[in-house]
>>> print(open('final_7.csv').read())   # CSV, C-alpha atoms and all ligand atoms
chain,number,residue,atom,x,y,z
P,1,MET,CA,-167.0,-32.5,71.9
P,2,SER,CA,-167.4,-32.2,75.7
P,3,ASP,CA,-170.9,-32.4,77.1
P,4,SER,CA,-169.9,-30.1,79.9
P,5,ASN,CA,-170.5,-26.4,80.2
P,6,CYS,CA,-166.7,-25.7,80.3
P,7,PRO,CA,-165.0,-24.2,77.3
P,8,ASN,CA,-162.6,-27.1,77.1
P,9,GLN,CA,-161.8,-28.9,74.0
P,10,ARG,CA,-160.7,-32.5,74.3
P,11,LEU,CA,-157.4,-33.3,72.7
P,12,THR,CA,-158.3,-36.9,72.2
P,13,GLU,CA,-161.4,-38.9,71.7
P,14,VAL,CA,-161.6,-41.3,74.6
P,15,THR,CA,-163.6,-44.4,75.1
P,16,GLU,CA,-165.9,-44.7,78.1
P,17,GLY,CA,-163.6,-47.2,79.6
P,18,LYS,CA,-160.6,-44.9,79.4
P,19,LEU,CA,-162.6,-41.9,80.6
P,20,ALA,CA,-164.3,-43.5,83.5
P,21,LEU,CA,-161.3,-45.1,85.2
P,22,SER,CA,-163.9,-46.6,87.5
P,23,ARG,CA,-163.2,-48.9,90.3
P,24,ARG,CA,-164.7,-51.7,88.2
P,25,ASN,CA,-161.8,-51.5,85.9
P,26,PHE,CA,-158.6,-52.9,87.2
P,27,PHE,CA,-156.5,-50.5,85.2
P,28,ALA,CA,-157.2,-47.9,82.6
P,29,GLY,CA,-155.5,-44.8,81.1
P,30,ILE,CA,-156.4,-41.3,82.2
P,31,ALA,CA,-158.3,-39.2,79.8
P,32,VAL,CA,-156.7,-36.0,78.7
P,33,ALA,CA,-158.6,-32.8,78.0
P,34,ALA,CA,-157.4,-29.4,77.1
P,35,GLY,CA,-158.5,-26.1,75.8
P,36,SER,CA,-159.3,-22.6,76.6
P,37,ILE,CA,-158.8,-23.0,80.3
P,38,GLY,CA,-158.1,-19.5,81.5
P,39,LEU,CA,-157.5,-17.3,84.5
P,40,THR,CA,-160.9,-16.5,85.9
P,41,GLY,CA,-162.0,-13.0,86.3
P,42,ILE,CA,-164.1,-13.8,89.4
P,43,ALA,CA,-161.6,-14.4,92.0
P,44,GLU,CA,-157.9,-14.6,92.9
P,45,SER,CA,-156.3,-16.3,95.9
P,46,ALA,CA,-155.5,-14.3,99.0
P,47,ASP,CA,-152.0,-15.6,98.5
P,48,ALA,CA,-150.4,-13.2,96.0
P,49,ALA,CA,-148.2,-15.9,94.7
P,50,THR,CA,-151.1,-18.0,93.4
P,51,LYS,CA,-154.0,-17.3,91.1
P,52,ARG,CA,-157.3,-19.1,90.6
P,53,TYR,CA,-157.8,-20.9,87.3
P,54,LYS,CA,-161.0,-22.4,85.9
P,55,VAL,CA,-160.3,-26.0,85.0
P,56,CYS,CA,-163.4,-27.9,84.1
P,57,SER,CA,-167.0,-28.8,85.0
P,58,THR,CA,-167.9,-31.3,87.7
P,59,LYS,CA,-169.5,-33.4,84.9
P,60,ASP,CA,-166.1,-33.9,83.3
P,61,VAL,CA,-164.7,-36.1,86.1
P,62,LYS,CA,-166.8,-39.1,87.1
P,63,VAL,CA,-166.7,-40.5,90.7
P,64,GLY,CA,-163.7,-42.8,91.2
P,65,SER,CA,-162.0,-41.4,88.1
P,66,ALA,CA,-159.2,-39.0,87.1
P,67,VAL,CA,-159.0,-36.7,84.1
P,68,MET,CA,-156.0,-34.7,82.9
P,69,PHE,CA,-156.4,-31.0,81.9
P,70,LEU,CA,-154.0,-28.6,80.3
P,71,VAL,CA,-154.4,-25.2,81.9
P,72,LYS,CA,-153.0,-23.1,79.1
P,73,SER,CA,-152.8,-19.8,80.8
P,74,ALA,CA,-150.8,-21.3,83.7
P,75,ASN,CA,-148.9,-23.6,81.4
P,76,ILE,CA,-149.5,-26.6,83.7
P,77,MET,CA,-151.1,-30.0,83.4
P,78,VAL,CA,-153.5,-30.8,86.2
P,79,LEU,CA,-155.0,-34.1,87.2
P,80,ILE,CA,-158.5,-33.7,88.6
P,81,THR,CA,-160.0,-36.6,90.6
P,82,GLN,CA,-163.3,-37.3,92.2
P,83,PRO,CA,-162.6,-39.9,94.9
P,84,LYS,CA,-166.1,-39.6,96.4
P,85,SER,CA,-169.3,-38.1,95.0
P,86,GLY,CA,-168.9,-34.3,95.1
P,87,ILE,CA,-165.4,-34.4,96.4
P,88,PHE,CA,-162.8,-33.1,93.9
P,89,ARG,CA,-159.0,-33.0,94.2
P,90,ALA,CA,-156.3,-31.7,91.9
P,91,PHE,CA,-152.7,-32.9,91.5
P,92,ASN,CA,-149.6,-32.2,89.5
P,93,PRO,CA,-149.4,-35.4,87.5
P,94,SER,CA,-145.6,-35.7,87.6
P,95,CYS,CA,-144.6,-38.8,89.5
P,96,THR,CA,-142.4,-37.8,92.5
P,97,HIS,CA,-140.1,-40.7,91.8
P,98,GLU,CA,-138.6,-39.7,88.4
P,99,GLY,CA,-141.1,-37.4,87.0
P,100,PHE,CA,-143.0,-39.5,84.6
P,101,GLN,CA,-146.6,-38.6,84.0
P,102,ILE,CA,-149.3,-40.5,86.0
P,103,ASP,CA,-151.5,-42.3,83.5
P,104,GLY,CA,-153.8,-44.7,85.2
P,105,VAL,CA,-156.1,-45.6,88.0
P,106,GLN,CA,-156.1,-48.9,90.0
P,107,GLY,CA,-158.9,-49.1,92.6
P,108,LYS,CA,-158.6,-45.8,94.5
P,109,ASN,CA,-155.1,-45.1,93.5
P,110,LEU,CA,-153.4,-43.2,90.7
P,111,VAL,CA,-150.7,-45.2,89.0
P,112,CYS,CA,-147.4,-44.2,87.4
P,113,PRO,CA,-146.6,-46.3,84.3
P,114,MET,CA,-142.8,-46.3,84.7
P,115,HIS,CA,-142.2,-48.2,87.9
P,116,GLN,CA,-145.8,-48.6,89.0
P,117,ALA,CA,-145.8,-46.3,92.0
P,118,GLN,CA,-149.3,-45.6,93.3
P,119,PHE,CA,-150.8,-42.6,95.0
P,120,ASP,CA,-154.1,-42.1,96.8
P,121,MET,CA,-156.5,-40.3,94.5
P,122,ALA,CA,-158.0,-38.4,97.5
P,123,THR,CA,-154.8,-37.2,99.2
P,124,GLY,CA,-151.9,-37.8,96.8
P,125,ALA,CA,-150.1,-39.9,99.4
P,126,VAL,CA,-147.8,-42.7,98.4
P,127,LYS,CA,-149.6,-46.0,98.6
P,128,ARG,CA,-146.8,-48.0,96.8
P,129,GLY,CA,-143.2,-47.2,96.0
P,130,PRO,CA,-140.7,-46.6,94.6
P,131,ALA,CA,-141.9,-43.0,95.0
P,132,ARG,CA,-141.5,-41.7,98.6
P,133,LYS,CA,-143.1,-38.3,98.3
P,134,ALA,CA,-146.8,-37.5,97.8
P,135,LEU,CA,-148.0,-35.9,94.6
P,136,LYS,CA,-148.1,-32.1,94.7
P,137,LYS,CA,-151.6,-30.9,95.4
P,138,TYR,CA,-153.5,-27.8,94.2
P,139,THR,CA,-156.2,-26.2,96.2
P,140,VAL,CA,-159.6,-26.9,94.6
P,141,THR,CA,-162.6,-24.7,94.8
P,142,LYS,CA,-166.0,-25.8,93.5
P,143,ILE,CA,-168.4,-23.0,92.6
P,144,GLY,CA,-171.6,-24.4,91.3
P,145,THR,CA,-170.6,-27.0,88.7
P,146,THR,CA,-167.2,-25.4,87.9
P,147,ILE,CA,-163.9,-26.6,89.3
P,148,TYR,CA,-161.1,-24.1,89.9
P,149,ILE,CA,-157.6,-24.5,91.2
P,150,ASN,CA,-155.1,-22.2,92.8
P,151,ALA,CA,-151.7,-22.4,91.1
T,201,LIG,S1,-141.2,-42.5,87.7
T,201,LIG,FE1,-143.0,-43.0,88.6
T,201,LIG,S2,-142.6,-44.8,89.7
T,201,LIG,FE2,-140.7,-44.3,88.8
>>> encode(input="final_7.csv", output="structure tokens", more="lines below")
Ligand code: FES
Amino acid sequence: MSDSNCPNQRLTEVTEGKLALSRRNFFAGIAVAAGSIGLTGIAESADAATKRYKVCSTKDVKVGSAVMFLVKSANIMVLITQPKSGIFRAFNPSCTHEGFQIDGVQGKNLVCPMHQAQFDMATGAVKRGPARKALKKYTVTKIGTTIYINA
């Protein structure tokens, strides 16, 4: 069970090492969480093509780590990172090389397991090929201790 105040339910029990994905660890898998992540009633984007979705609590993603969430109501997987304390980013976890799912962190980079492309966890920019395009980003809004994305 999550210790956050978000109504998410973790799909898998993860160890601290896998969850943390800290810079101390050379490489580790990305934790996956899912649950009743829904369209929020409090706000919608000014862009009519996007809506705001509640994803998680700030407590769910430690500094220097990445956690995967299934946003059921949008039917998308979202990778939330916290590259610096209090700074949160959200990405589509599909590698821009051949679409495999990002599943690790190495230093400050997200790593694709298939051909080891790396992406900056703060910007999504390619840090190592064979991928050539940055990860797709979602706009993140932090309200109190809750993380929302526009998708
Ligand atoms: S699919 Fe990710 S590096 Fe090739």
>>> residues_near_ligand(input="final_7.csv", ligand="ligand LIG 201 (chain T)", cutoff="9 Å", atoms="all atoms listed in the file", output="ChimeraX atom specification")
/P:94-102,111-118,128-131
>>> atom_distance(input="final_7.csv", atom1="CA of Asn150 in chain P", atom2="CA of Lys59 in chain P")
19.9 Å
>>> atom_distance(input="final_7.csv", atom1="CA of Gly124 in chain P", atom2="CA of Lys136 in chain P")
7.2 Å
>>> closest_residue(input="final_7.csv", among="P:Val126, P:Leu79, P:Val105, P:Ile147", to="Phe91 in chain P", atoms="all atoms listed in the file")
P:Leu79
>>> closest_residue(input="final_7.csv", among="P:Lys142, P:Lys54, P:Lys133, P:Lys108", to="Leu70 in chain P", atoms="all atoms listed in the file")
P:Lys54
>>> atom_distance(input="final_7.csv", atom1="CA of Phe69 in chain P", atom2="CA of Arg132 in chain P")
24.8 Å
>>> residues_around(input="final_7.csv", residues="Val78 in chain P", least_positions_apart="5", cutoff="9 Å", atoms="all atoms listed in the file", output="PyMOL selection string")
chain P and resi 55+67-71+90-93+138
>>> closest_residue(input="final_7.csv", among="P:Leu110, P:Met121, P:Ala134, P:Ile143", to="Pro83 in chain P", atoms="all atoms listed in the file")
P:Met121
>>> closest_residue(input="final_7.csv", among="P:Asp120, P:Phe88, P:Tyr148, P:Ala66", to="Gly104 in chain P", atoms="all atoms listed in the file")
P:Ala66
